[in-house]
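Q: Pasting a structure below so you can have a look.
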Amino acid sequence: MTAAPPLSVLLPVRDGAAHLDEAIDSIERQSFTDFEVLAVDDGSTDETYEKLVMWASRDARVTLIKQAARGIVAALEAGRAAARGRYLARMDADDVSAQTRFARQYTFMEAQSGLVLCGCRVEYFPREQVRGGALWYEAWINSTSTPDEVAREIFVECPIAHPTFFMRAEAVAAVGGYLDRGWPEDYDLVLRLWRAGGGLGVVPETLFSWREGDGRLSRTDPAYAPDAFRRCKVHHLVEAFPGVVEGALIWGAGPVGKALAKDLVDRGVELSAFAEVDPRKIGQRIYDVPVLDTVQALAERSVLHLGAVGQKGAREQLRRLMREGGLEELKSFVLMA
């Protein structure tokens with residue numbers, strides 16, 4: 001057996017023949033060449049397997065794993081079990097990596113021993129299909145790079161695009177690898193790595209083209225629905241801040257805040273109050289707790305303050321208000337929407 005390469009690329013795929021050639025080409029063109037690819041065919045019924053066989057036959061770095069259709073988590077774990085590299089990189093079968101992606105991420109991780117995972121900036125394509133929410137999400141996910149910036153956004157959404165993950169294999173193994181919990185497996189892994197004390201960063205360069213389209217798993221699988229994301233957030237919030245069960249104050253009494261409140265109550269969290277700027281809501285009771293104005297809410301110091309505002313720009317306004325009010329982010333307040 002040849003010496004283990006430093007990098008193992010995890011490529012799970014099911015029925016990806018339509019775009020697989022583009023993904024393969026972008027891997028073959030990498031300027032960093034010392035890697036292996038664990039290509040896992042998860043029960044494909046199209047020409048995916050045949051394309052992977054052809055690739056493996058011409059490139060000794062490719063190991064092909066075929067399994068019955070068991071889902072992306074099982075496929076990722078099958079690849080991880082066979083991986084030999086000290087780093088793991090993700091790649092999807094319908095996306096495209098820039099030629100320098102692996103080189104830049106490898107250098108980035110080698111230079112920063114405190115990081116356990118990094119991503120890179122992304123661009124959705126084809127651009128004519130990128131609209132509304134996708135444009136907002138692209139801008140948001142590209143807005144952070146340092147570990148502190150990523151951590152501040154970690155309970156809003158997964159702050160690093162999954163197919164750009166570049167991870168220390170040892171750190172992933174230490175937290176149990178990918179798990180199937182009925183919510184997004186990538187977000188769950190990121191939160192477990194962060195909770196374990198690992199740094200998360202982003203190479204501040206656009207090194208990945210992320211295919212947009214209605215057929216994406218994140219659009220079709222219930223594990224990626226908004227309520228699944230919220231359950232994931234709440235689970236890890238309670239694990240990261242166990243004191244929250246004794247009192248949580250939710251900033252935002254709209255649909256986002258109320259949905260968050262329901263999941264918190266289901267996890268045994270004691271709600272203290274809601275906070276609002278809308279005078280029509282102040283003084284009401286929701287979930288049998290009062291709706292306070294901002295001055296009253298900032299005076300509450302024995303609870304964890306949770307931001308649940310979804311309007312554009314509102315999160316930064318709330319962050320500024322809480323900081324100016326003497327609250328400390330990821331200590332006494334957490335933004336969650």
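Convention: chains lettered A, B, ... in structure tokens order; per-chain residue numbering from 1; ligands numbered from 1 as shown.
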Give me the residues near Gly254 in chain A as a list of chain:residue names, where near means some atom within 12 Å (using only C-alpha atoms) and where sequence neighbours in that chain fewer than 5 positions away do not count.
A: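 Residues meeting the cut-off are A:Ala259, A:Leu260, A:Ala261, A:Phe274, A:Ala275, A:Glu276, A:Val277, A:Asp278, A:Arg280, A:Lys281, A:Ile282, A:Ile286, A:Val291, A:Gly307, A:Ala308, A:Val309, A:Gly310, A:Gln311, A:Ala337.
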Q: Put those residues in a file: C-alpha atoms, as a short mmCIF file (atom, residue, chain, number, x, y, z; two decimals), in the first residue's frame.
A:
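Listing of again.cif after writing:
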```
data_model
loop_
_atom_site.label_atom_id
_atom_site.label_comp_id
_atom_site.auth_asym_id
_atom_site.auth_seq_id
_atom_site.Cartn_x
_atom_site.Cartn_y
_atom_site.Cartn_z
CA ALA A 259 -41.37 29.02 17.12
CA LEU A 260 -38.10 29.20 19.03
CA ALA A 261 -40.00 29.49 22.31
CA PHE A 274 -40.08 38.23 25.43
CA ALA A 275 -38.61 41.59 24.42
CA GLU A 276 -40.07 43.80 21.69
CA VAL A 277 -39.78 47.23 20.12
CA ASP A 278 -43.31 47.08 18.70
CA ARG A 280 -48.53 46.99 20.14
CA LYS A 281 -46.93 43.84 21.57
CA ILE A 282 -45.36 45.30 24.71
CA ILE A 286 -47.07 34.97 25.28
CA VAL A 291 -43.55 40.99 26.59
CA GLY A 307 -32.13 37.03 19.59
CA ALA A 308 -34.88 35.78 17.29
CA VAL A 309 -35.39 38.48 14.68
CA GLY A 310 -35.42 37.56 11.02
CA GLN A 311 -35.80 40.89 9.24
CA ALA A 337 -32.05 34.15 13.72
#
```
Q: Could you find all residues in range 267-297 of chain A that DSSP calls helix (DSSP H, G or I) from the backbone, and write them as a PyMOL selection string?
A: chain A and resi 294-297
Q: Hey, can you spit out that residue selection with C-alpha atoms as a PDB file, in the first residue's frame?
A:
```
ATOM      1  CA  THR A 294     -36.009  46.995  25.554  1.00  0.00           C
ATOM      2  CA  VAL A 295     -35.139  48.873  28.746  1.00  0.00           C
ATOM      3  CA  GLN A 296     -36.989  46.348  30.894  1.00  0.00           C
ATOM      4  CA  ALA A 297     -35.449  43.436  29.003  1.00  0.00           C
TER       5      ALA A 297
END
```
Q: Could you pull the residues within 8 Å of Leu11 in chain A, counting only C-alpha atoms, minus those fewer than 6 positions along the same chain, as an MDAnalysis selection string?
A: chainID A and resid 37:40 76 79 90:93
Q: Considering only C-alpha atoms, return as a list of chain:residue names whatever protein or nucleic-acid residues lie within 10 Å of Gly198 in chain A, sequence-local ones (same chain, fewer than 2 positions apart) excluded.
A: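 Near Gly198 in chain A, the qualifying residues are A:Ser113, A:Gly114, A:Leu115, A:Val116, A:Leu117, A:Pro147, A:Ala171, A:Val190, A:Leu191, A:Arg192, A:Leu193, A:Trp194, A:Arg195, A:Ala196, A:Leu200, A:Gly201.
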Q: Restricting the calculation to only C-alpha atoms, which member of A:Gly197, A:Gly247, A:Pro5, A:Pro222 is positioned closest to Val303 in chain A?
A: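 With only C-alpha atoms as the atom set, the closest residue is A:Gly247.
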Q: So how many Å separate CA of Ala75 in chain A and CA of Gly177 in chain A, to one decimal?
A: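 Separation of CA of Ala75 in chain A and CA of Gly177 in chain A: 11.9 Å.
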Q: Counting only C-alpha atoms, which of A:Arg267, A:His305, A:Arg319, A:Arg168 gets nearest to Glu110 in chain A?
A: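 Closest to Glu110 in chain A, using only C-alpha atoms: A:Arg168.
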Q: Using only C-alpha atoms, which of A:Thr206, A:Ala174, A:Ala169, A:Leu52 sits nearest Ala139 in chain A?
A: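 Comparing A:Thr206, A:Ala174, A:Ala169, A:Leu52 against Ala139 in chain A, the winner is A:Thr206.
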Q: Give me, as a count of residues only, all polymer residues having an atom no more than 10 Å from Leu271 in chain A, counting only C-alpha atoms and skipping those fewer than 4 positions away in the same chain.
A: 18
Q: With distances taken over only C-alpha atoms, which of A:Glu205, A:Glu36, A:Asp41, A:Asp186 is nearest to Arg101 in chain A?
A: A:Glu205
Q: For CA of Ile72 in chain A and CA of Asp95 in chain A, quote the distance in Å rounded to one decimal.
A: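 These two atoms are separated by 15.8 Å.
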Q: Calculated over only C-alpha atoms, which of the candidates A:Ala134, A:Cys232, A:Ala17, A:Ala83 has the smallest distance to Ala4 in chain A?
A: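 Going through A:Ala134, A:Cys232, A:Ala17, A:Ala83 one by one, the smallest distance to Ala4 in chain A is for A:Ala83.
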Q: Which residues come within 7 Å of Val122 in chain A, counting only C-alpha atoms, excluding same-chain residues fewer than 3 positions away, as a ChimeraX atom specification?
A: /A:142,206-210
Q: Would you mind exporting the chosen residues as an mmCIF file, in the first residue's frame, restricted to N, CA and C atoms?
A:
```cif
data_model
loop_
_atom_site.group_PDB
_atom_site.id
_atom_site.type_symbol
_atom_site.label_atom_id
_atom_site.label_comp_id
_atom_site.auth_asym_id
_atom_site.auth_seq_id
_atom_site.Cartn_x
_atom_site.Cartn_y
_atom_site.Cartn_z
ATOM 1 N N ASN A 142 -20.749 34.379 3.143
ATOM 2 C CA ASN A 142 -19.453 34.923 2.742
ATOM 3 C C ASN A 142 -19.015 36.105 3.600
ATOM 4 N N THR A 206 -13.108 33.252 -2.808
ATOM 5 C CA THR A 206 -14.155 32.456 -3.453
ATOM 6 C C THR A 206 -13.482 31.329 -4.226
ATOM 7 N N LEU A 207 -13.554 30.128 -3.647
ATOM 8 C CA LEU A 207 -12.860 28.968 -4.197
ATOM 9 C C LEU A 207 -13.816 27.830 -4.538
ATOM 10 N N PHE A 208 -15.115 28.134 -4.527
ATOM 11 C CA PHE A 208 -16.089 27.054 -4.707
ATOM 12 C C PHE A 208 -17.329 27.570 -5.425
ATOM 13 N N SER A 209 -17.746 26.848 -6.436
ATOM 14 C CA SER A 209 -18.984 27.147 -7.161
ATOM 15 C C SER A 209 -20.036 26.139 -6.720
ATOM 16 N N TRP A 210 -21.102 26.660 -6.139
ATOM 17 C CA TRP A 210 -22.139 25.857 -5.490
ATOM 18 C C TRP A 210 -23.373 25.863 -6.389
#
```
Q: Could you tell me how far CA of Gly257 in chain A sits from CA of Ser272 in chain A, in Å to one decimal place?
A: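 Between CA of Ser272 in chain A and CA of Gly257 in chain A the gap is 13.2 Å.
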Q: Check the smallest atom-to-atom distance from each of A:Val156, A:Val150, A:Ala273, A:Leu189 to Val73 in chain A using only C-alpha atoms, then report the winner.
A: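 Closest to Val73 in chain A of all the choices is A:Leu189.
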Q: Please report, as a PyMOL selection string, each residue of range 268-328 of chain A to which DSSP assigns strand (DSSP E or B) when run on this structure's backbone.
A: chain A and resi 271-275+285-286+289-292+304-307
Q: Restricting it to N, CA and C atoms, dump the selection as an mmCIF file, in the first residue's frame.
A:
```cif
data_model
loop_
_atom_site.group_PDB
_atom_site.id
_atom_site.type_symbol
_atom_site.label_atom_id
_atom_site.label_comp_id
_atom_site.auth_asym_id
_atom_site.auth_seq_id
_atom_site.Cartn_x
_atom_site.Cartn_y
_atom_site.Cartn_z
ATOM 1 N N LEU A 271 -39.012 29.835 30.228
ATOM 2 C CA LEU A 271 -39.055 31.148 29.599
ATOM 3 C C LEU A 271 -39.245 32.225 30.645
ATOM 4 N N SER A 272 -38.466 33.302 30.516
ATOM 5 C CA SER A 272 -38.564 34.424 31.441
ATOM 6 C C SER A 272 -39.472 35.515 30.892
ATOM 7 N N ALA A 273 -39.241 35.858 29.599
ATOM 8 C CA ALA A 273 -40.016 36.936 28.984
ATOM 9 C C ALA A 273 -39.658 37.003 27.506
ATOM 10 N N PHE A 274 -40.427 37.821 26.795
ATOM 11 C CA PHE A 274 -40.082 38.230 25.433
ATOM 12 C C PHE A 274 -39.714 39.706 25.502
ATOM 13 N N ALA A 275 -38.922 40.162 24.531
ATOM 14 C CA ALA A 275 -38.611 41.586 24.419
ATOM 15 C C ALA A 275 -39.036 42.059 23.044
ATOM 16 N N ARG A 285 -48.935 38.995 26.947
ATOM 17 C CA ARG A 285 -48.336 37.782 27.503
ATOM 18 C C ARG A 285 -48.348 36.712 26.415
ATOM 19 N N ILE A 286 -47.225 36.056 26.243
ATOM 20 C CA ILE A 286 -47.072 34.972 25.278
ATOM 21 C C ILE A 286 -46.429 33.805 26.020
ATOM 22 N N VAL A 289 -45.749 34.413 29.650
ATOM 23 C CA VAL A 289 -44.698 35.292 30.164
ATOM 24 C C VAL A 289 -44.882 36.666 29.518
ATOM 25 N N PRO A 290 -44.405 37.728 30.162
ATOM 26 C CA PRO A 290 -44.675 39.075 29.651
ATOM 27 C C PRO A 290 -43.801 39.447 28.451
ATOM 28 N N VAL A 291 -44.317 40.373 27.660
ATOM 29 C CA VAL A 291 -43.550 40.993 26.586
ATOM 30 C C VAL A 291 -43.056 42.337 27.110
ATOM 31 N N LEU A 292 -41.731 42.484 27.236
ATOM 32 C CA LEU A 292 -41.118 43.671 27.831
ATOM 33 C C LEU A 292 -40.622 44.631 26.756
ATOM 34 N N LEU A 304 -30.410 33.989 30.022
ATOM 35 C CA LEU A 304 -29.697 34.049 28.746
ATOM 36 C C LEU A 304 -30.599 34.739 27.729
ATOM 37 N N HIS A 305 -30.102 35.786 27.108
ATOM 38 C CA HIS A 305 -30.868 36.534 26.115
ATOM 39 C C HIS A 305 -30.658 35.906 24.736
ATOM 40 N N LEU A 306 -31.751 35.643 24.045
ATOM 41 C CA LEU A 306 -31.706 34.975 22.746
ATOM 42 C C LEU A 306 -32.351 35.855 21.692
ATOM 43 N N GLY A 307 -31.597 36.205 20.663
ATOM 44 C CA GLY A 307 -32.125 37.029 19.592
ATOM 45 C C GLY A 307 -32.849 36.187 18.561
#
```
